[in-house]
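Beneath this line is the structure, given in structure tokens, with notes to follow.
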Amino acid sequence: MTNIHKYTGSFYIIILLTSLCLLSSCTYDYFEDETNYVVYVPKADVNKRTETYKVDDVRIFIYNTDLEKDRYSLHPFEDNARTTVGNFNFKLLPGLHPVHCFSNINGVDFSDIQSYTTAKFALQKLEDGYYKEPPVILSDYTSPLIRFPGPLVTDTAWFEHKYVGRICVAIKNLQNVDPKLTFDNIKKIEVLASGVGTVQYLSNISDSINTRSSRKAADDVMRLTTTLYQNPFQDFDLGFENYYLPSPDLSSEGNSLEPIALQINFLDANNNIIKTLNVDVVDSNYEPIILHMAETVVVTIDGNNIQILRLSDPLDWNPNIETGEDNTPNGGGTEV
């Protein structure tokens, strides 16, 4: 009888210890897998994507002073069942978190991402020392407050807003400058752009008005090649466009403002320069014009007369010549 009681007691102890271990394991897994923040990307949702409503990549940085989460996913976003329908789930510590979401980032290099104060991306530098044109980067920024315990917080990265700005050049009566400057003779446009941003710190990205880029050195120059189009704007005969980072903040250099300066080279079929035009992007008072996120600035060249315009509606520039990489149905700045 004594042995039976002893074995029965031992059996219950084993059952109790096993249950505690299982409960501990389940509790641990539950909190490890707990989601308290979601970024929903409609253009990554398999149920909403179309040929014209989509993104090909998603990069999400979440900070709490230091980098807390870094997520990168590519189309068709089959990392798991959640990402397939556009949901990127995170477990975050309590507090306020700057969240930066990007798409169409092939062609820029991210670095020093472990700290929010140093995290940045930069234009790629060519072997000849010039910087490349950025892709049409799409961006969304938000700063959710996570409470614990608290409700699930969800933000939407619509990716409807361009981070980059655009400078378009519309031309007519160029033959008044040089008779050889005809559409048939001009086979290539090359632009050397100075006074431009080449680096963007994530901590300096906010809204479309206040976001400013930086540069690595005062002599940073972009080298851009572009296609010449006919009838791009109003009654102008020819035109071309390029994308740029928002105008740089030069206060760290002890500088106030520096205009974006364009050296426009018109080349023939043998890559010989027919003519060079130099244009400073300034207003009527010769003050530098700041290029903002998602903004379109038009430089009009009528013979020797040059004027700079800000387009209130980007579609005033011929929408048929938008680059194929830009899947953005609307313009605008970064929104919270």
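Simple scheme: letters A, B, ... for chains in structure tokens order, numbers from 1 for residues in each chain, numbers from 1 for ligands in the order shown.
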
Running DSSP on the backbone, which parts of stretch 125-260 of chain A land in strand (DSSP E), as JSON, numbers by chain?
-> {"A": [138, 139, 140, 141, 142, 145, 146, 153, 154, 155, 156, 165, 166, 167, 168, 169, 170, 171, 172, 188, 189, 190, 191, 192, 193, 194, 199, 200, 201, 221, 222, 223, 224, 225, 226, 229, 230, 238, 239, 240, 241, 242, 243, 244]}

Please identify every residue of stretch 113-190 of chain A that has at least one atom no farther than 7 Å from an atom of stretch 220-233 of chain A, counting only C-alpha atoms, and for each give the shortest atom pair and the distance in Å to one decimal, arranged by chain then increasing number, as CSV.
```
residue,atom,partner,partner_atom,distance
A:Tyr130,CA,A:Met222,CA,5.2
A:Tyr131,CA,A:Met222,CA,4.4
A:Lys132,CA,A:Met222,CA,5.8
A:Glu133,CA,A:Leu224,CA,6.2
A:Ala170,CA,A:Phe233,CA,6.5
A:Lys188,CA,A:Thr227,CA,6.8
A:Ile189,CA,A:Thr226,CA,5.6
A:Glu190,CA,A:Thr225,CA,4.6
```

Residue neighbourhood stretch 295-307 of chain A, 7 Å, only C-alpha atoms, exclusion window fewer than 4 positions, as a ChimeraX atom specification | /A:165-174,176-177,291,311,314

Near-stretch 58-63 of chain A list (9 Å; only C-alpha atoms; drop same-chain fewer than 6 positions) as a list in words =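 The contact residues come out as Val39, Val41, Ala44, Lys69, Asp70, Arg71, Tyr72, Ser73, Leu74, His75, Phe77, Phe88, Leu92, Leu96, His97, Pro98, Val99, His100, Cys101, Phe102, Ser103, Asn104, Ile105, Ile113, Gln114, Ser115 and Tyr116 of chain A.
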
Output N, CA and C atoms for every residue in that selection, as a short mmCIF file (atom, residue, chain, number, x, y, z; two decimals), in the first residue's frame.
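File produced: again23.cif:
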```cif
data_model
loop_
_atom_site.label_atom_id
_atom_site.label_comp_id
_atom_site.auth_asym_id
_atom_site.auth_seq_id
_atom_site.Cartn_x
_atom_site.Cartn_y
_atom_site.Cartn_z
N VAL A 39 2.96 47.23 -40.42
CA VAL A 39 2.97 48.14 -41.57
C VAL A 39 2.29 47.41 -42.72
N VAL A 41 1.17 47.33 -46.58
CA VAL A 41 1.57 47.87 -47.88
C VAL A 41 0.58 47.37 -48.92
N ALA A 44 1.79 45.72 -52.08
CA ALA A 44 2.41 44.40 -51.95
C ALA A 44 1.37 43.31 -51.70
N LYS A 69 14.38 47.34 -35.87
CA LYS A 69 13.98 46.36 -36.88
C LYS A 69 14.40 46.85 -38.26
N ASP A 70 14.82 45.91 -39.10
CA ASP A 70 15.17 46.19 -40.50
C ASP A 70 14.59 45.07 -41.33
N ARG A 71 13.62 45.40 -42.16
CA ARG A 71 12.95 44.37 -42.96
C ARG A 71 13.09 44.72 -44.44
N TYR A 72 13.49 43.73 -45.22
CA TYR A 72 13.59 43.92 -46.67
C TYR A 72 12.89 42.76 -47.34
N SER A 73 12.03 43.06 -48.30
CA SER A 73 11.27 42.03 -48.98
C SER A 73 11.12 42.39 -50.45
N LEU A 74 11.10 41.36 -51.28
CA LEU A 74 10.99 41.54 -52.72
C LEU A 74 9.72 40.88 -53.25
N HIS A 75 9.20 41.42 -54.35
CA HIS A 75 8.08 40.81 -55.04
C HIS A 75 8.42 39.37 -55.39
N PHE A 77 6.75 38.89 -52.48
CA PHE A 77 6.52 39.09 -51.05
C PHE A 77 5.96 37.83 -50.37
N PHE A 88 3.38 43.55 -42.83
CA PHE A 88 4.71 43.36 -42.27
C PHE A 88 4.60 43.56 -40.77
N LEU A 92 7.57 45.40 -31.10
CA LEU A 92 8.40 46.53 -30.73
C LEU A 92 8.36 46.78 -29.22
N LEU A 96 8.16 55.71 -28.56
CA LEU A 96 7.94 56.35 -29.86
C LEU A 96 9.00 55.84 -30.84
N HIS A 97 8.58 55.46 -32.02
CA HIS A 97 9.48 54.82 -32.98
C HIS A 97 9.42 55.53 -34.33
N PRO A 98 10.51 56.15 -34.78
CA PRO A 98 10.56 56.62 -36.17
C PRO A 98 10.57 55.41 -37.11
N VAL A 99 9.64 55.41 -38.07
CA VAL A 99 9.53 54.31 -39.02
C VAL A 99 9.66 54.87 -40.43
N HIS A 100 10.65 54.38 -41.18
CA HIS A 100 10.88 54.82 -42.55
C HIS A 100 10.67 53.65 -43.50
N CYS A 101 9.78 53.84 -44.45
CA CYS A 101 9.47 52.81 -45.44
C CYS A 101 9.89 53.31 -46.82
N PHE A 102 10.55 52.44 -47.58
CA PHE A 102 11.03 52.81 -48.90
C PHE A 102 10.67 51.73 -49.92
N SER A 103 10.52 52.18 -51.16
CA SER A 103 10.38 51.25 -52.28
C SER A 103 11.10 51.84 -53.48
N ASN A 104 11.40 50.96 -54.44
CA ASN A 104 12.13 51.35 -55.65
C ASN A 104 13.51 51.93 -55.29
N ILE A 105 14.26 51.16 -54.51
CA ILE A 105 15.54 51.65 -53.97
C ILE A 105 16.75 51.01 -54.63
N ILE A 113 23.45 52.08 -40.55
CA ILE A 113 22.04 52.04 -40.19
C ILE A 113 21.80 51.69 -38.73
N GLN A 114 22.82 51.31 -37.97
CA GLN A 114 22.58 50.85 -36.60
C GLN A 114 22.12 51.96 -35.67
N SER A 115 22.46 53.20 -35.97
CA SER A 115 22.03 54.34 -35.15
C SER A 115 21.19 55.28 -36.00
N TYR A 116 20.13 55.83 -35.39
CA TYR A 116 19.24 56.72 -36.14
C TYR A 116 19.95 58.00 -36.55
#
```

Can you tell me, as a ChimeraX atom specification, what residues are no more than 9 Å from A:Thr154 when counting only C-alpha atoms, ignoring any on the same chain fewer than 4 positions away?
-> /A:36-40,144

Go through A:Ala157, A:Leu123, A:Val55, A:Ile186 one by one, measure the shortest atom-to-atom distance of each to A:Asn271 using only C-alpha atoms, and give the residue with the smallest value.
->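 With only C-alpha atoms as the atom set, the closest residue is A:Ile186.
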
Have a look at atom CA of A:Ala269 and atom CA of A:Pro179 and let me know their distance in Å, one decimal.
-> 16.3 Å

Atom pair atom CA of A:Phe121 / atom CA of A:Asp109: separation (Å) =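 Interatomic distance, atom CA of A:Phe121 to atom CA of A:Asp109: 5.2 Å.
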
DSSP alpha helix (DSSP H) residues within stretch 33-240 of chain A, as JSON, numbers by chain = {"A": [33, 81, 82, 83, 84]}

Output file for the selection above: C-alpha atoms, as an mmCIF file, in the first residue's frame:
```cif
data_model
loop_
_atom_site.group_PDB
_atom_site.id
_atom_site.type_symbol
_atom_site.label_atom_id
_atom_site.label_comp_id
_atom_site.auth_asym_id
_atom_site.auth_seq_id
_atom_site.Cartn_x
_atom_site.Cartn_y
_atom_site.Cartn_z
ATOM 1 C CA ASP A 33 5.629 35.803 -31.679
ATOM 2 C CA ALA A 81 1.464 34.252 -45.234
ATOM 3 C CA ARG A 82 1.249 37.752 -43.751
ATOM 4 C CA THR A 83 3.594 39.475 -46.199
ATOM 5 C CA THR A 84 1.786 37.844 -49.115
#
```

Could you name the residues that touch A:Lys162 at 6 Å or less, counting only C-alpha atoms, but leaving out those on the same chain fewer than 5 positions away, as number ranges by chain?
-> A: 137-138, 294

Show which residues sit within 9 Å of stretch 262-264 of chain A, as a PyMOL selection string. Count only C-alpha atoms, and ignore same-chain residues fewer than 6 positions away.
-> chain A and resi 189-195+275-281

Just to be explicit: take each residue in the selection above, keep C-alpha atoms, and write the result as a PDB file, in the first residue's frame.
```
ATOM      1  CA  ILE A 189      21.909  64.955 -73.734  1.00  0.00           C
ATOM      2  CA  GLU A 190      24.461  64.902 -70.935  1.00  0.00           C
ATOM      3  CA  VAL A 191      23.957  66.957 -67.780  1.00  0.00           C
ATOM      4  CA  LEU A 192      26.606  67.695 -65.145  1.00  0.00           C
ATOM      5  CA  ALA A 193      24.754  68.871 -62.032  1.00  0.00           C
ATOM      6  CA  SER A 194      26.436  70.526 -59.056  1.00  0.00           C
ATOM      7  CA  GLY A 195      24.975  72.045 -55.899  1.00  0.00           C
ATOM      8  CA  LYS A 275      26.816  73.172 -77.737  1.00  0.00           C
ATOM      9  CA  THR A 276      26.928  73.623 -73.945  1.00  0.00           C
ATOM     10  CA  LEU A 277      24.390  75.644 -71.981  1.00  0.00           C
ATOM     11  CA  ASN A 278      24.921  76.555 -68.323  1.00  0.00           C
ATOM     12  CA  VAL A 279      21.821  77.086 -66.199  1.00  0.00           C
ATOM     13  CA  ASP A 280      21.556  78.011 -62.508  1.00  0.00           C
ATOM     14  CA  VAL A 281      18.256  77.048 -60.912  1.00  0.00           C
TER      15      VAL A 281
END
```
